[in-house]
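Pasted below: input_21.cif, mmCIF, C-alpha atoms.
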```cif
data_structure
#
loop_
_atom_site.label_atom_id
_atom_site.label_comp_id
_atom_site.auth_asym_id
_atom_site.auth_seq_id
_atom_site.Cartn_x
_atom_site.Cartn_y
_atom_site.Cartn_z
CA ASN A 23 13.79 1.85 22.24
CA ALA A 24 10.38 3.41 21.60
CA GLY A 25 10.28 2.90 17.80
CA VAL A 26 8.08 5.44 16.01
CA THR A 27 6.04 7.74 18.27
CA GLN A 28 3.12 9.73 16.94
CA THR A 29 1.22 12.41 18.81
CA PRO A 30 -1.57 13.15 19.34
CA LYS A 31 -3.59 9.93 18.98
CA PHE A 32 -6.84 11.80 18.42
CA GLN A 33 -7.61 15.36 17.35
CA VAL A 34 -10.70 17.32 16.37
CA LEU A 35 -10.15 20.52 14.41
CA LYS A 36 -12.42 23.18 13.06
CA THR A 37 -12.24 24.05 9.38
CA GLY A 38 -9.49 26.58 8.81
CA GLN A 39 -7.48 25.74 11.91
CA SER A 40 -3.88 24.68 11.65
CA MET A 41 -2.04 22.02 13.58
CA THR A 42 1.07 19.86 13.57
CA LEU A 43 1.11 16.08 13.81
CA GLN A 44 4.29 14.94 15.49
CA CYS A 45 6.39 11.92 14.50
CA ALA A 46 9.62 10.89 16.18
CA GLN A 47 11.80 7.81 15.82
CA ASP A 48 14.75 6.71 17.93
CA MET A 49 16.20 4.09 15.59
CA ASN A 50 18.42 6.42 13.55
CA HIS A 51 16.42 5.59 10.41
CA GLU A 52 17.25 7.70 7.37
CA TYR A 53 13.87 7.36 5.68
CA MET A 54 10.63 8.74 7.12
CA SER A 55 7.24 9.15 5.48
CA TRP A 56 3.66 10.19 6.14
CA TYR A 57 0.58 8.34 4.90
CA ARG A 58 -3.13 8.91 5.21
CA GLN A 59 -5.62 6.05 5.42
CA ASP A 60 -9.15 6.52 4.14
CA PRO A 61 -11.95 3.95 3.81
CA GLY A 62 -11.93 2.39 0.34
CA MET A 63 -8.72 4.23 -0.63
CA GLY A 64 -6.11 2.38 1.37
CA LEU A 65 -2.94 4.11 2.50
CA ARG A 66 -1.57 6.93 0.38
CA LEU A 67 1.76 8.73 0.58
CA ILE A 68 1.64 12.40 1.57
CA HIS A 69 5.30 13.42 1.98
CA TYR A 70 8.56 11.64 2.56
CA SER A 71 12.12 12.39 3.65
CA VAL A 72 15.40 10.65 2.88
CA GLY A 73 17.35 12.44 5.59
CA ALA A 74 17.64 15.61 7.62
CA GLY A 75 16.97 18.64 5.45
CA ILE A 76 15.60 16.63 2.50
CA THR A 77 11.87 16.19 1.85
CA ASP A 78 9.69 15.58 -1.18
CA GLN A 79 6.05 15.24 -2.12
CA GLY A 80 4.15 12.02 -2.39
CA GLU A 81 0.84 11.17 -4.01
CA VAL A 82 -1.45 13.52 -2.02
CA PRO A 83 0.64 16.47 -0.73
CA ASN A 84 -1.83 19.35 -1.12
CA GLY A 85 -2.71 21.07 2.14
CA TYR A 86 0.25 19.61 4.03
CA ASN A 87 3.77 20.80 4.80
CA VAL A 88 6.71 18.91 6.23
CA SER A 89 10.22 19.62 7.39
CA ARG A 90 13.05 17.44 8.68
CA SER A 91 15.46 19.43 10.78
CA THR A 92 16.79 16.36 12.61
CA THR A 93 17.06 12.65 11.81
CA GLU A 94 14.62 11.85 14.61
CA ASP A 95 11.68 14.16 13.90
CA PHE A 96 9.38 14.51 10.90
CA PRO A 97 6.34 16.69 11.72
CA LEU A 98 3.36 17.04 9.38
CA ARG A 99 1.67 20.42 9.32
CA LEU A 100 -1.89 21.09 8.23
CA LEU A 101 -1.95 24.70 7.11
CA SER A 102 -5.72 25.31 7.01
CA ALA A 103 -7.68 22.20 7.87
CA ALA A 104 -10.50 21.08 5.58
CA PRO A 105 -13.12 18.33 6.11
CA SER A 106 -11.42 16.39 3.28
CA GLN A 107 -8.42 15.98 5.57
CA THR A 108 -10.43 13.91 8.01
CA SER A 109 -8.45 10.70 8.03
CA VAL A 110 -6.11 8.47 10.00
CA TYR A 111 -2.49 9.49 9.59
CA PHE A 112 0.48 7.16 9.92
CA CYS A 113 4.15 7.93 10.08
CA ALA A 114 6.69 5.28 9.08
CA SER A 115 10.46 4.97 9.09
CA SER A 116 13.04 2.69 7.51
CA ARG A 117 16.74 2.36 6.85
CA GLN A 118 18.54 3.26 3.64
CA ARG A 119 18.70 -0.39 2.63
CA ARG A 120 16.63 -2.29 0.08
CA ASP A 121 16.20 -5.30 2.36
CA TYR A 122 15.06 -3.38 5.44
CA GLY A 123 11.59 -3.41 6.93
CA TYR A 124 9.38 -0.54 7.98
CA THR A 125 8.26 0.61 11.41
CA PHE A 126 4.94 2.41 11.71
CA GLY A 127 3.63 4.74 14.36
CA SER A 128 0.34 4.00 16.10
CA GLY A 129 -1.54 6.59 14.05
CA THR A 130 -3.37 9.88 14.57
CA ARG A 131 -7.12 9.95 14.02
CA LEU A 132 -8.01 13.44 12.81
CA THR A 133 -11.53 14.81 12.40
CA VAL A 134 -12.10 18.19 10.77
CA VAL A 135 -15.55 19.65 11.38
CA LYS B 30 -5.21 0.50 -11.93
CA ASN B 31 -3.49 0.25 -8.58
CA GLU B 32 0.06 -1.04 -8.73
CA VAL B 33 -0.70 -3.45 -5.88
CA GLU B 34 -3.92 -5.46 -5.89
CA GLN B 35 -5.21 -7.65 -3.09
CA SER B 36 -7.93 -10.28 -2.98
CA PRO B 37 -10.31 -10.90 -1.47
CA GLN B 38 -11.37 -7.55 0.00
CA ASN B 39 -13.38 -9.28 2.71
CA LEU B 40 -12.90 -12.73 4.14
CA THR B 41 -14.96 -14.51 6.79
CA ALA B 42 -13.81 -17.80 8.29
CA GLN B 43 -14.60 -20.19 11.10
CA GLU B 44 -12.02 -20.79 13.77
CA GLY B 45 -9.55 -23.42 12.67
CA GLU B 46 -9.86 -22.82 8.95
CA PHE B 47 -6.88 -22.33 6.63
CA ILE B 48 -6.86 -18.82 5.17
CA THR B 49 -5.18 -17.43 2.06
CA ILE B 50 -4.91 -13.79 1.06
CA ASN B 51 -3.45 -12.94 -2.33
CA CYS B 52 -1.43 -9.96 -3.56
CA SER B 53 -0.45 -9.15 -7.13
CA TYR B 54 1.78 -6.28 -8.16
CA SER B 55 2.59 -4.69 -11.47
CA VAL B 56 5.89 -3.02 -10.63
CA GLY B 57 9.37 -4.46 -10.25
CA ILE B 58 10.14 -4.63 -6.56
CA SER B 59 13.04 -5.46 -4.28
CA ALA B 60 10.76 -6.83 -1.56
CA LEU B 61 7.11 -7.16 -0.67
CA HIS B 62 5.73 -6.41 2.77
CA TRP B 63 2.79 -7.92 4.60
CA LEU B 64 1.25 -5.75 7.32
CA GLN B 65 -1.43 -6.30 9.95
CA GLN B 66 -3.82 -3.73 11.39
CA HIS B 67 -6.26 -4.54 14.18
CA PRO B 68 -9.48 -2.47 14.39
CA GLY B 69 -8.65 1.02 15.57
CA GLY B 70 -5.04 0.01 15.93
CA GLY B 71 -1.64 0.70 14.50
CA ILE B 72 0.12 -1.07 11.66
CA VAL B 73 2.49 -3.91 12.41
CA SER B 74 4.94 -5.39 9.95
CA LEU B 75 4.50 -9.17 9.61
CA PHE B 76 6.87 -10.12 6.81
CA MET B 77 9.28 -8.70 4.30
CA LEU B 78 9.85 -11.04 1.36
CA SER B 79 12.20 -10.85 -1.58
CA SER B 80 12.01 -14.53 -2.56
CA GLY B 81 10.68 -17.89 -1.48
CA LYS B 82 8.79 -18.37 1.75
CA LYS B 83 8.85 -17.14 5.35
CA LYS B 84 7.06 -18.57 8.37
CA HIS B 85 6.26 -17.05 11.74
CA GLY B 86 4.09 -19.13 14.01
CA ARG B 87 0.85 -19.86 12.16
CA LEU B 88 1.55 -17.28 9.47
CA ILE B 89 3.27 -18.18 6.21
CA ALA B 90 4.12 -15.77 3.40
CA THR B 91 5.23 -16.78 -0.08
CA ILE B 92 6.32 -14.82 -3.10
CA ASN B 93 6.80 -15.64 -6.79
CA ILE B 94 8.89 -12.86 -8.30
CA GLN B 95 8.44 -14.06 -11.90
CA GLU B 96 4.64 -14.07 -11.59
CA LYS B 97 4.61 -10.89 -9.42
CA HIS B 98 2.41 -12.60 -6.87
CA SER B 99 2.52 -13.15 -3.12
CA SER B 100 0.26 -14.99 -0.71
CA LEU B 101 -0.27 -14.79 3.03
CA HIS B 102 -1.54 -17.97 4.68
CA ILE B 103 -2.89 -18.40 8.18
CA THR B 104 -3.10 -21.95 9.46
CA ALA B 105 -5.56 -22.94 12.21
CA SER B 106 -7.14 -19.48 12.22
CA HIS B 107 -8.27 -17.96 15.51
CA PRO B 108 -10.61 -15.04 16.33
CA ARG B 109 -7.59 -13.00 17.44
CA ASP B 110 -6.38 -13.15 13.80
CA SER B 111 -9.32 -10.89 12.88
CA ALA B 112 -7.69 -7.80 11.41
CA VAL B 113 -6.96 -6.01 8.16
CA TYR B 114 -4.05 -7.51 6.25
CA ILE B 115 -2.25 -5.23 3.83
CA CYS B 116 0.42 -5.94 1.26
CA ALA B 117 2.79 -3.16 0.28
CA ALA B 118 5.61 -2.68 -2.19
CA PRO B 119 8.37 -0.06 -2.31
CA LEU B 120 7.76 2.74 -4.82
CA ALA B 121 11.08 2.62 -6.63
CA ASN B 122 12.48 5.02 -9.21
CA ALA B 123 14.12 3.91 -12.47
CA GLY B 124 17.29 3.13 -10.57
CA GLY B 125 15.45 0.85 -8.15
CA THR B 126 15.64 3.14 -5.11
CA SER B 127 12.43 3.59 -3.13
CA TYR B 128 13.62 6.25 -0.66
CA GLY B 129 11.38 4.67 1.96
CA LYS B 130 8.14 5.09 -0.02
CA LEU B 131 5.52 2.36 -0.09
CA THR B 132 2.49 1.71 -2.25
CA PHE B 133 -0.25 -0.32 -0.64
CA GLY B 134 -2.96 -2.77 -1.58
CA GLN B 135 -6.49 -1.93 -0.48
CA GLY B 136 -6.31 -4.39 2.38
CA THR B 137 -8.22 -7.57 3.21
CA ILE B 138 -10.63 -7.45 6.13
CA LEU B 139 -10.47 -10.84 7.85
CA THR B 140 -13.08 -11.90 10.38
CA VAL B 141 -12.64 -15.22 12.16
CA HIS B 142 -15.69 -16.48 14.07
CA PRO B 143 -15.38 -18.81 17.07
#
```

Whole structure, structure tokens version:
Amino acid sequence: NAGVTQTPKFQVLKTGQSMTLQCAQDMNHEYMSWYRQDPGMGLRLIHYSVGAGITDQGEVPNGYNVSRSTTEDFPLRLLSAAPSQTSVYFCASSRQRRDYGYTFGSGTRLTVV
Amino acid sequence: KNEVEQSPQNLTAQEGEFITINCSYSVGISALHWLQQHPGGGIVSLFMLSSGKKKHGRLIATINIQEKHSSLHITASHPRDSAVYICAAPLANAGGTSYGKLTFGQGTILTVHP
């Protein structure tokens, strides 16, 4: 049982490049979400999904796309990277229960130059 | 104003000291989460609280739902406790469903010196 797996752990992009951050969970969790962590700002919600085929925007969605074709996978796509997207990205998953905890991935540290 | 506020932002202690980190929230919640993040590391869930108190080793978490306040205590602190501690609450809609979304406090950077 691997939990939540994020890849890559580190990435450097040039401005304008695109890339996909991968997130996979093997716990059959319905809920998955993406957050970015910036100094002084804490963690902020980018996009979330309540199940396969269903996604919605969070607090800071601009510049990012998501899809959820399977329960297990929830990739985050940067369409045209900008220096403002330099951040640490975390994926999290949870069950469709109010009393259930959250499992986080180990994070992806992204630098856009 | 952030819906979840933590204090202090920075905390320095000597090994063995008793530590308290506070979290206040302005939204109605079903549960409050305490998380730990070591430097350069991932985020680990420590506690999920909906009422009362929970204890795990030297860590104790309490919550007062009426006062919308939670505390994380560390007894007999150790340098390996040095980390960022984050409280988080589900972002629920009017019907009380969060759909797996969390809102976070700014985090408390704890440094424990030997």

| query | Which residue, A:Val134, A:Leu98, A:Ser115, A:Tyr70, has the smallest gap to A:Gln44 when you use all atoms listed in the file? | reply |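 Of all the options, A:Leu98 lies closest to A:Gln44.
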
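Distances here use all atoms listed in the file; by that measure, the residue among B:Phe47, B:Tyr54, B:Phe76, B:Tyr114 closest to chain A is B:Phe76.
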
| query | Nearest to A:Arg131 among B:Gly70, B:Gly129, B:Gly86, B:Gly134, with distances taken over only C-alpha atoms: which residue is it? | reply |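 Closest candidate: B:Gly70.
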
| message | I'd like the contact shell of B:Ala105 - 8 Å cut-off, all atoms listed in the file, skipping same-chain residues fewer than 2 positions apart - returned as a list of chain:residue names. | response |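 Counting all atoms listed in the file, the residues come to B:Glu44, B:Gly45, B:Glu46, B:Phe47, B:Arg87, B:Ile103, B:His107.
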
If you keep C-alpha atoms, can you produce a file of those selected residues as a compact mmCIF listing (two decimals), keeping the file's coordinate frame?
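The result, written out as selection11.txt:
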```txt
# COMPACT_ATOMS: atom_id res chain seq x y z
CA GLU B 44 -12.02 -20.79 13.77
CA GLY B 45 -9.55 -23.42 12.67
CA GLU B 46 -9.86 -22.82 8.95
CA PHE B 47 -6.88 -22.33 6.63
CA ARG B 87 0.85 -19.86 12.16
CA ILE B 103 -2.89 -18.40 8.18
CA HIS B 107 -8.27 -17.96 15.51
```

| message | What are the residues of chain B lining chain A at 8 Å or less? Count only C-alpha atoms, and put the answer as a PyMOL selection string. | response | chain B and resi 59-60+62+70-74+77+79+126-136

Residues as selected, C-alpha atoms, written as a PDB file, keeping the file's coordinate frame, can you do that?
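Ended up saving to out17.pdb:
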```pdb
ATOM      1  CA  SER B  59      13.040  -5.460  -4.280  1.00  0.00           C
ATOM      2  CA  ALA B  60      10.760  -6.830  -1.560  1.00  0.00           C
ATOM      3  CA  HIS B  62       5.730  -6.410   2.770  1.00  0.00           C
ATOM      4  CA  GLY B  70      -5.040   0.010  15.930  1.00  0.00           C
ATOM      5  CA  GLY B  71      -1.640   0.700  14.500  1.00  0.00           C
ATOM      6  CA  ILE B  72       0.120  -1.070  11.660  1.00  0.00           C
ATOM      7  CA  VAL B  73       2.490  -3.910  12.410  1.00  0.00           C
ATOM      8  CA  SER B  74       4.940  -5.390   9.950  1.00  0.00           C
ATOM      9  CA  MET B  77       9.280  -8.700   4.300  1.00  0.00           C
ATOM     10  CA  SER B  79      12.200 -10.850  -1.580  1.00  0.00           C
ATOM     11  CA  THR B 126      15.640   3.140  -5.110  1.00  0.00           C
ATOM     12  CA  SER B 127      12.430   3.590  -3.130  1.00  0.00           C
ATOM     13  CA  TYR B 128      13.620   6.250  -0.660  1.00  0.00           C
ATOM     14  CA  GLY B 129      11.380   4.670   1.960  1.00  0.00           C
ATOM     15  CA  LYS B 130       8.140   5.090  -0.020  1.00  0.00           C
ATOM     16  CA  LEU B 131       5.520   2.360  -0.090  1.00  0.00           C
ATOM     17  CA  THR B 132       2.490   1.710  -2.250  1.00  0.00           C
ATOM     18  CA  PHE B 133      -0.250  -0.320  -0.640  1.00  0.00           C
ATOM     19  CA  GLY B 134      -2.960  -2.770  -1.580  1.00  0.00           C
ATOM     20  CA  GLN B 135      -6.490  -1.930  -0.480  1.00  0.00           C
ATOM     21  CA  GLY B 136      -6.310  -4.390   2.380  1.00  0.00           C
TER      22      GLY B 136
END
```

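Shortest separation to B:Ala90 among B:Ser111, B:Ser36, B:Thr41, B:Asn51 occurs at residue B:Asn51, atoms counted being all atoms listed in the file.
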
| query | If we count only C-alpha atoms, what is near B:Ala112 at a cut-off of 8 Å, once residues fewer than 4 positions away on the same chain are taken out, given as a VMD selection string? | reply | chain B and resid 65 to 68 138 to 140

| request: State, in Å with one decimal place, the distance from atom CA of A:Met41 to atom CA of A:Thr133. | output: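 One can read the atom CA of A:Met41 to atom CA of A:Thr133 distance as 12.0 Å.
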
| said: Please list, as a ChimeraX atom specification, the residues that have an atom at most 9 Å away from (-4.3, 15.5, 18.9) in the coordinates of this file, counting all atoms listed in the file. | reply: /A:29-35,41-43,130-132

Since the input has fewer atoms than a full residue there, write stretch 47-65 of chain B out with N, CA, C and O atoms, as a PDB file, in the frame of the given file.
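The resulting rebuild.pdb:
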```pdb
ATOM      1  N   PHE B  47      -8.091 -22.794   7.309  1.00  0.00           N
ATOM      2  CA  PHE B  47      -6.880 -22.330   6.630  1.00  0.00           C
ATOM      3  C   PHE B  47      -7.258 -21.154   5.746  1.00  0.00           C
ATOM      4  O   PHE B  47      -8.212 -21.223   4.982  1.00  0.00           O
ATOM      5  N   ILE B  48      -6.504 -20.064   5.861  1.00  0.00           N
ATOM      6  CA  ILE B  48      -6.860 -18.820   5.170  1.00  0.00           C
ATOM      7  C   ILE B  48      -5.744 -18.431   4.209  1.00  0.00           C
ATOM      8  O   ILE B  48      -4.560 -18.557   4.544  1.00  0.00           O
ATOM      9  N   THR B  49      -6.141 -17.949   3.044  1.00  0.00           N
ATOM     10  CA  THR B  49      -5.180 -17.430   2.060  1.00  0.00           C
ATOM     11  C   THR B  49      -5.619 -16.062   1.588  1.00  0.00           C
ATOM     12  O   THR B  49      -6.769 -15.865   1.198  1.00  0.00           O
ATOM     13  N   ILE B  50      -4.698 -15.132   1.604  1.00  0.00           N
ATOM     14  CA  ILE B  50      -4.910 -13.790   1.060  1.00  0.00           C
ATOM     15  C   ILE B  50      -3.867 -13.593  -0.042  1.00  0.00           C
ATOM     16  O   ILE B  50      -2.696 -13.927   0.140  1.00  0.00           O
ATOM     17  N   ASN B  51      -4.328 -13.064  -1.167  1.00  0.00           N
ATOM     18  CA  ASN B  51      -3.450 -12.940  -2.330  1.00  0.00           C
ATOM     19  C   ASN B  51      -3.099 -11.483  -2.629  1.00  0.00           C
ATOM     20  O   ASN B  51      -3.889 -10.575  -2.369  1.00  0.00           O
ATOM     21  N   CYS B  52      -1.916 -11.297  -3.206  1.00  0.00           N
ATOM     22  CA  CYS B  52      -1.430  -9.960  -3.560  1.00  0.00           C
ATOM     23  C   CYS B  52      -0.701 -10.050  -4.893  1.00  0.00           C
ATOM     24  O   CYS B  52       0.212 -10.869  -5.043  1.00  0.00           O
ATOM     25  N   SER B  53      -1.124  -9.233  -5.835  1.00  0.00           N
ATOM     26  CA  SER B  53      -0.450  -9.150  -7.130  1.00  0.00           C
ATOM     27  C   SER B  53       0.060  -7.736  -7.331  1.00  0.00           C
ATOM     28  O   SER B  53      -0.591  -6.776  -6.928  1.00  0.00           O
ATOM     29  N   TYR B  54       1.214  -7.612  -7.951  1.00  0.00           N
ATOM     30  CA  TYR B  54       1.780  -6.280  -8.160  1.00  0.00           C
ATOM     31  C   TYR B  54       2.272  -6.149  -9.590  1.00  0.00           C
ATOM     32  O   TYR B  54       2.651  -7.123 -10.228  1.00  0.00           O
ATOM     33  N   SER B  55       2.258  -4.911 -10.070  1.00  0.00           N
ATOM     34  CA  SER B  55       2.590  -4.690 -11.470  1.00  0.00           C
ATOM     35  C   SER B  55       3.953  -4.007 -11.635  1.00  0.00           C
ATOM     36  O   SER B  55       4.374  -3.731 -12.749  1.00  0.00           O
ATOM     37  N   VAL B  56       4.609  -3.707 -10.556  1.00  0.00           N
ATOM     38  CA  VAL B  56       5.890  -3.020 -10.630  1.00  0.00           C
ATOM     39  C   VAL B  56       7.013  -3.987 -10.246  1.00  0.00           C
ATOM     40  O   VAL B  56       6.777  -4.967  -9.547  1.00  0.00           O
ATOM     41  N   GLY B  57       8.219  -3.694 -10.704  1.00  0.00           N
ATOM     42  CA  GLY B  57       9.370  -4.460 -10.250  1.00  0.00           C
ATOM     43  C   GLY B  57       9.718  -4.028  -8.844  1.00  0.00           C
ATOM     44  O   GLY B  57       9.754  -2.850  -8.549  1.00  0.00           O
ATOM     45  N   ILE B  58       9.904  -4.980  -7.955  1.00  0.00           N
ATOM     46  CA  ILE B  58      10.140  -4.630  -6.560  1.00  0.00           C
ATOM     47  C   ILE B  58      11.356  -5.354  -6.012  1.00  0.00           C
ATOM     48  O   ILE B  58      11.753  -6.397  -6.530  1.00  0.00           O
ATOM     49  N   SER B  59      11.925  -4.794  -4.958  1.00  0.00           N
ATOM     50  CA  SER B  59      13.040  -5.460  -4.280  1.00  0.00           C
ATOM     51  C   SER B  59      12.525  -6.348  -3.164  1.00  0.00           C
ATOM     52  O   SER B  59      13.177  -7.319  -2.790  1.00  0.00           O
ATOM     53  N   ALA B  60      11.335  -6.024  -2.632  1.00  0.00           N
ATOM     54  CA  ALA B  60      10.760  -6.830  -1.560  1.00  0.00           C
ATOM     55  C   ALA B  60       9.287  -6.477  -1.436  1.00  0.00           C
ATOM     56  O   ALA B  60       8.867  -5.387  -1.818  1.00  0.00           O
ATOM     57  N   LEU B  61       8.513  -7.412  -0.912  1.00  0.00           N
ATOM     58  CA  LEU B  61       7.110  -7.160  -0.670  1.00  0.00           C
ATOM     59  C   LEU B  61       6.851  -7.301   0.820  1.00  0.00           C
ATOM     60  O   LEU B  61       7.423  -8.171   1.486  1.00  0.00           O
ATOM     61  N   HIS B  62       5.991  -6.430   1.333  1.00  0.00           N
ATOM     62  CA  HIS B  62       5.730  -6.410   2.770  1.00  0.00           C
ATOM     63  C   HIS B  62       4.293  -6.815   3.051  1.00  0.00           C
ATOM     64  O   HIS B  62       3.368  -6.410   2.327  1.00  0.00           O
ATOM     65  N   TRP B  63       4.115  -7.613   4.082  1.00  0.00           N
ATOM     66  CA  TRP B  63       2.790  -7.920   4.600  1.00  0.00           C
ATOM     67  C   TRP B  63       2.642  -7.240   5.960  1.00  0.00           C
ATOM     68  O   TRP B  63       3.507  -7.374   6.832  1.00  0.00           O
ATOM     69  N   LEU B  64       1.510  -6.525   6.120  1.00  0.00           N
ATOM     70  CA  LEU B  64       1.250  -5.750   7.320  1.00  0.00           C
ATOM     71  C   LEU B  64      -0.066  -6.194   7.932  1.00  0.00           C
ATOM     72  O   LEU B  64      -0.956  -6.704   7.242  1.00  0.00           O
ATOM     73  N   GLN B  65      -0.206  -5.964   9.240  1.00  0.00           N
ATOM     74  CA  GLN B  65      -1.430  -6.300   9.950  1.00  0.00           C
ATOM     75  C   GLN B  65      -1.918  -5.068  10.710  1.00  0.00           C
ATOM     76  O   GLN B  65      -1.114  -4.362  11.336  1.00  0.00           O
TER      77      GLN B  65
END
```
